[in-house]
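Text of final15.txt, listed as compact mmCIF, C-alpha atoms:
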# COMPACT_ATOMS: atom_id res chain seq x y z
CA MET A 1 0.00 0.00 0.00
CA ALA A 2 1.17 3.50 -0.75
CA GLU A 3 2.68 5.86 1.76
CA ASP A 4 0.28 7.64 4.07
CA GLU A 5 1.15 11.19 3.31
CA GLY A 6 2.41 13.42 0.58
CA LYS A 7 1.71 13.81 -3.10
CA GLY A 8 -0.68 11.57 -4.94
CA ARG A 9 -3.32 11.48 -2.20
CA LEU A 10 -6.81 12.86 -2.20
CA ASP A 11 -8.95 12.46 0.90
CA LYS A 12 -12.64 12.41 0.13
CA LEU A 13 -15.74 11.81 2.17
CA GLN A 14 -18.08 9.60 0.12
CA MET A 15 -21.76 9.09 0.98
CA PHE A 16 -23.69 5.83 0.81
CA GLU A 17 -27.34 5.98 1.84
CA GLY A 18 -26.65 8.85 4.23
CA ARG A 19 -23.58 7.18 5.75
CA GLU A 20 -20.12 8.72 5.54
CA ILE A 21 -17.41 6.53 4.03
CA ARG A 22 -13.91 7.93 4.37
CA SER A 23 -11.79 7.31 1.31
CA VAL A 24 -8.38 8.13 -0.05
CA TRP A 25 -7.38 8.19 -3.71
CA VAL A 26 -3.83 6.86 -4.05
CA GLU A 27 -2.49 8.21 -7.34
CA GLU A 28 0.44 5.84 -7.72
CA GLU A 29 -1.90 2.84 -7.43
CA GLU A 30 -4.76 4.55 -9.25
CA ASP A 31 -7.24 3.21 -6.73
CA TRP A 32 -9.51 4.32 -3.94
CA TYR A 33 -8.98 3.02 -0.41
CA PHE A 34 -11.95 2.96 1.95
CA SER A 35 -12.21 2.82 5.72
CA VAL A 36 -13.19 -0.76 6.57
CA ILE A 37 -15.03 0.38 9.71
CA ASP A 38 -17.07 2.89 7.71
CA VAL A 39 -17.97 0.22 5.14
CA ILE A 40 -19.05 -2.22 7.84
CA THR A 41 -21.11 0.47 9.55
CA ALA A 42 -22.86 1.37 6.29
CA VAL A 43 -23.57 -2.19 5.19
CA THR A 44 -24.55 -3.69 8.54
CA ASP A 45 -25.89 -0.76 10.59
CA SER A 46 -23.91 -2.36 13.41
CA MET A 47 -23.70 -0.36 16.61
CA ARG A 48 -20.29 -1.98 17.24
CA PRO A 49 -18.55 -2.00 13.85
CA ARG A 50 -15.07 -2.61 15.33
CA LYS A 51 -16.33 -5.74 17.09
CA TYR A 52 -18.08 -6.82 13.88
CA TRP A 53 -14.82 -6.35 11.95
CA SER A 54 -12.85 -8.26 14.59
CA ASP A 55 -15.30 -11.17 14.45
CA LEU A 56 -15.41 -11.12 10.65
CA LYS A 57 -11.60 -11.22 10.44
CA LYS A 58 -11.56 -14.32 12.65
CA LYS A 59 -14.26 -15.95 10.56
CA LEU A 60 -12.48 -15.18 7.29
CA ILE A 61 -9.21 -16.63 8.57
CA ASN A 62 -10.52 -19.65 10.50
CA GLU A 63 -13.54 -20.80 8.53
CA GLU A 64 -12.90 -19.60 5.02
CA LYS A 65 -9.10 -19.66 5.02
CA SER A 66 -9.24 -16.22 3.41
CA GLN A 67 -6.21 -13.96 3.42
CA LEU A 68 -8.32 -10.88 2.78
CA SER A 69 -8.00 -9.49 6.29
CA GLU A 70 -4.26 -10.14 6.27
CA ASN A 71 -3.87 -8.13 3.05
CA ILE A 72 -5.73 -5.09 4.34
CA GLY A 73 -3.36 -2.40 5.49
CA GLN A 74 -3.74 0.91 7.22
CA LEU A 75 -3.77 4.48 5.99
CA LYS A 76 -4.11 7.70 7.92
CA MET A 77 -7.64 8.99 7.57
CA ARG A 78 -9.31 12.00 9.13
CA SER A 79 -11.44 11.17 12.15
CA PRO A 80 -15.01 12.46 11.93
CA LYS A 81 -14.91 13.09 15.69
CA ASP A 82 -11.91 15.38 16.08
CA GLY A 83 -10.62 16.01 12.54
CA LYS A 84 -7.21 14.51 13.33
CA TYR A 85 -5.59 11.81 11.21
CA TYR A 86 -5.35 8.28 12.61
CA ARG A 87 -4.23 4.97 11.15
CA THR A 88 -7.33 3.15 9.97
CA ASP A 89 -7.84 -0.26 8.38
CA ALA A 90 -8.25 0.56 4.70
CA ALA A 91 -9.14 -1.64 1.75
CA ASN A 92 -8.94 -0.94 -1.96
CA THR A 93 -11.94 -1.33 -4.24
CA GLU A 94 -11.36 -5.03 -4.96
CA GLN A 95 -10.82 -5.84 -1.28
CA VAL A 96 -13.98 -3.97 -0.28
CA LEU A 97 -16.00 -5.95 -2.82
CA ARG A 98 -14.65 -9.19 -1.39
CA LEU A 99 -15.32 -7.99 2.15
CA VAL A 100 -18.92 -6.99 1.40
CA GLN A 101 -19.56 -10.41 -0.15
CA SER A 102 -18.78 -11.90 3.27
CA ILE A 103 -21.41 -9.79 5.01
CA PRO A 104 -24.98 -11.11 5.04
CA SER A 105 -26.94 -7.91 4.55
CA PRO A 106 -29.65 -6.63 2.21
CA LYS A 107 -27.43 -3.56 1.74
CA ALA A 108 -24.60 -5.62 0.22
CA GLU A 109 -25.85 -5.44 -3.38
CA PRO A 110 -26.70 -1.72 -3.35
CA PHE A 111 -23.29 -1.08 -1.78
CA LYS A 112 -21.51 -3.01 -4.56
CA LEU A 113 -23.33 -0.93 -7.19
CA TRP A 114 -22.42 2.26 -5.33
CA LEU A 115 -18.80 1.14 -5.09
CA ALA A 116 -18.65 0.50 -8.83
CA GLU A 117 -19.78 4.09 -9.45
CA VAL A 118 -17.31 5.52 -6.95
CA GLY A 119 -14.56 3.40 -8.48
CA LYS A 120 -15.11 5.14 -11.82
CA GLU A 121 -14.36 8.51 -10.24
CA ARG A 122 -10.83 9.68 -10.24
CA ILE A 123 -10.52 13.16 -8.82
Take the structure I supplied and represent it as structure tokens, if you would.
Amino acid sequence: MAEDEGKGRLDKLQMFEGREIRSVWVEEEEDWYFSVIDVITAVTDSMRPRKYWSDLKKKLINEEKSQLSENIGQLKMRSPKDGKYYRTDAANTEQVLRLVQSIPSPKAEPFKLWLAEVGKERI
């Protein structure tokens, strides 16, 4: 994954069904990276998205032998609470699609369509 700071980055707040999804465009990879916690919150409406993500990571590794969670890195993203930048689990477009497929939710399909549209955007 690209460096956290410097040239070739564009932070953007995306909206899915009224939910904020933090994203970063990484120029050198020509891809968007999305906050995993924001995606989980939007798709599941979970009140405890970090716990949901923790449990999902375990499930993906133990039951499905998936390496998806191991391949997800971290990028600094602006916190909606205090505006400061913190390291956040971030997944690129392909990883988010794979992640959403693992979540049983009626919002999964609309989210995938939304993600395809966002993925077409550049700057």
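Take CA of Ser79 in chain A and CA of Ala91 in chain A: the distance between them is 16.7 Å.
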Leaving out range 36-44 of chain A and any residue of its chain fewer than 2 positions from it, which residues lie within 6 Å of it when counting all atoms listed in the file, given as a PyMOL selection string? chain A and resi 19+21+46+49+89-90+107
May I have the residues within 9 Å of Lys112 in chain A as a ChimeraX atom specification, using only C-alpha atoms and disregarding those fewer than 4 positions away in the same chain? /A:96-97,100-101,107-108,116-117
So which one's closest to Thr88 in chain A, A:Lys76, A:Trp114, A:Met15, A:Ser102? Using only C-alpha atoms, please.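 Using only C-alpha atoms, the shortest distance to Thr88 in chain A belongs to A:Lys76.
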If we count all atoms listed in the file and set the cut-off at 12 Å, which residues sit around Ile72 in chain A, ignoring sequence neighbours fewer than 4 positions away in its own chain? Please answer as an MDAnalysis selection string. chainID A and resid 1 33:36 53 57 66:68 88:96 98:99
Which of these residues is nearest to Pro104 in chain A, using only C-alpha atoms: A:Arg50, A:Tyr85, A:Asp45, A:Asn62?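 With only C-alpha atoms as the atom set, the closest residue is A:Asp45.
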Kindly give the distance, in Å, that separates CA of Arg87 in chain A and CA of Arg22 in chain A, rounded to a single decimal.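 Atom-to-atom, CA of Arg87 in chain A and CA of Arg22 in chain A are spaced 12.2 Å apart.
CA of Val118 in chain A to CA of Ser23 in chain A spans 10.1 Å [interatomic distance, one decimal].
The point (-7.4, 9.7, -1.7) has these residues within 6 Å of it, counting only C-alpha atoms: A:Arg9, A:Leu10, A:Asp11, A:Ser23, A:Val24, A:Trp25, A:Val26.
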